[in-house]
Amino acid sequence: MRLKYDNNSRGIFDYMRDLKNGKIHMVFVAVNSLTNFNAFAVEDRDQETEKGISSEQATKLCNVANEKNETGTLYPKLNITILPLTKYENRDDWENEDTMEKNINDAFKANSLYIKSNEIVFALEKRDDFNKVLAIRVLEKIARVHPEGGILKNIYHIW
């Protein structure tokens with residue numbers, strides 16, 4: 001399988017609709033502020049809703065993922081997985097390909113075991129505390145060896 005790049009040809013609102021309708025699995029960087037994760041996961045800032053979590057819940061989830069340096073998921077609430085930052089507090093995994101590969105593989109594992117979407121969309125941001133270049137390199141490597149013919153049909157990176 002290969003990683004496909006989509007520079008927003010579907011549009012952000014199409015991705016939001018598909019996510020809320022359970023048609024896709026999205027993967028974000030674990031940061032809750034003015035980020036892609038926040039735009040897609042937090043429906044109401046102050047409370048949990050049927051199709052979203054509160055800002056406080058989002059921050060807690062991001063903190064756990066970053067403190068443990070582990071991938072997290074919002075499933076079954078939403079088909080969202082979050083990847084921990086490569087730099088967090090005293091931890092610096094900026095060039096640690098093994099850790100990035102483990103975390104991205106965990107996103108694929110969440111999809112195959114729980115979410116079972118035929119489309120996984122990585123919306124990773126360039127940040128001073130997240131090595132997007134390393135993440136894309138690892139994602140391309142994983143996509144190349146990902147078996148054809150299973151549940152997963154498409155792997156995208158957007159923006």
# chains A, B, ... in the order shown; residues from 1 in each chain; ligands from 1
call {"tool": "select_by_dssp", "arguments": {"residues": "stretch 44-159 of chain A", "states": "helix (DSSP H, G or I)", "output": "ChimeraX atom specification"}}
result
/A:55-68,97-115,132-145
call {"tool": "residues_around", "arguments": {"residues": "stretch 112-129 of chain A", "least_positions_apart": "3", "cutoff": "8 Å", "atoms": "only C-alpha atoms", "output": "list of chain:residue names"}}
result
A:Lys23, A:Ile24, A:His25, A:Met26, A:Val27, A:Phe28, A:Val29, A:Thr35, A:Asn36, A:Tyr75, A:Pro76, A:Asn79, A:Leu85, A:Thr86, A:Lys87, A:Tyr88, A:Phe108, A:Lys109, A:Lys132, A:Ile151, A:Leu152, A:Lys153, A:Asn154, A:Ile155, A:Tyr156, A:His157, A:Ile158, A:Trp159
call {"tool": "write_last_selection", "arguments": {"atoms": "C-alpha atoms", "output": "tab-separated table (two decimals), in the first residue's frame"}}
result
chain	number	residue	atom	x	y	z
A	23	LYS	CA	-16.47	6.79	7.99
A	24	ILE	CA	-12.79	7.58	8.62
A	25	HIS	CA	-10.12	7.23	11.31
A	26	MET	CA	-8.05	10.37	11.90
A	27	VAL	CA	-4.65	10.65	13.59
A	28	PHE	CA	-3.42	13.88	15.16
A	29	VAL	CA	-0.57	15.20	17.28
A	35	THR	CA	-4.60	22.50	16.58
A	36	ASN	CA	-6.14	20.04	14.15
A	75	TYR	CA	-12.53	5.32	20.32
A	76	PRO	CA	-15.42	4.47	20.74
A	79	ASN	CA	-12.43	7.46	15.48
A	85	LEU	CA	4.95	14.77	21.01
A	86	THR	CA	8.56	13.99	20.13
A	87	LYS	CA	9.73	16.58	22.66
A	88	TYR	CA	7.89	16.77	25.96
A	108	PHE	CA	-2.63	1.21	12.81
A	109	LYS	CA	-3.19	-1.37	15.56
A	132	LYS	CA	6.65	15.92	11.30
A	151	ILE	CA	-9.95	-3.71	6.11
A	152	LEU	CA	-7.72	-0.70	5.44
A	153	LYS	CA	-7.90	0.51	1.83
A	154	ASN	CA	-6.43	4.05	1.99
A	155	ILE	CA	-3.76	5.80	4.03
A	156	TYR	CA	-3.66	9.58	3.67
A	157	HIS	CA	-1.67	12.47	4.99
A	158	ILE	CA	-3.38	15.85	4.73
A	159	TRP	CA	-2.02	19.39	5.06
call {"tool": "residues_around", "arguments": {"residues": "stretch 53-70 of chain A", "least_positions_apart": "2", "cutoff": "10 Å", "atoms": "only C-alpha atoms", "output": "PyMOL selection string"}}
result
chain A and resi 29-33+37-38+40-51+72-74+77-78+82-89+91+93+99-100+102-104+106
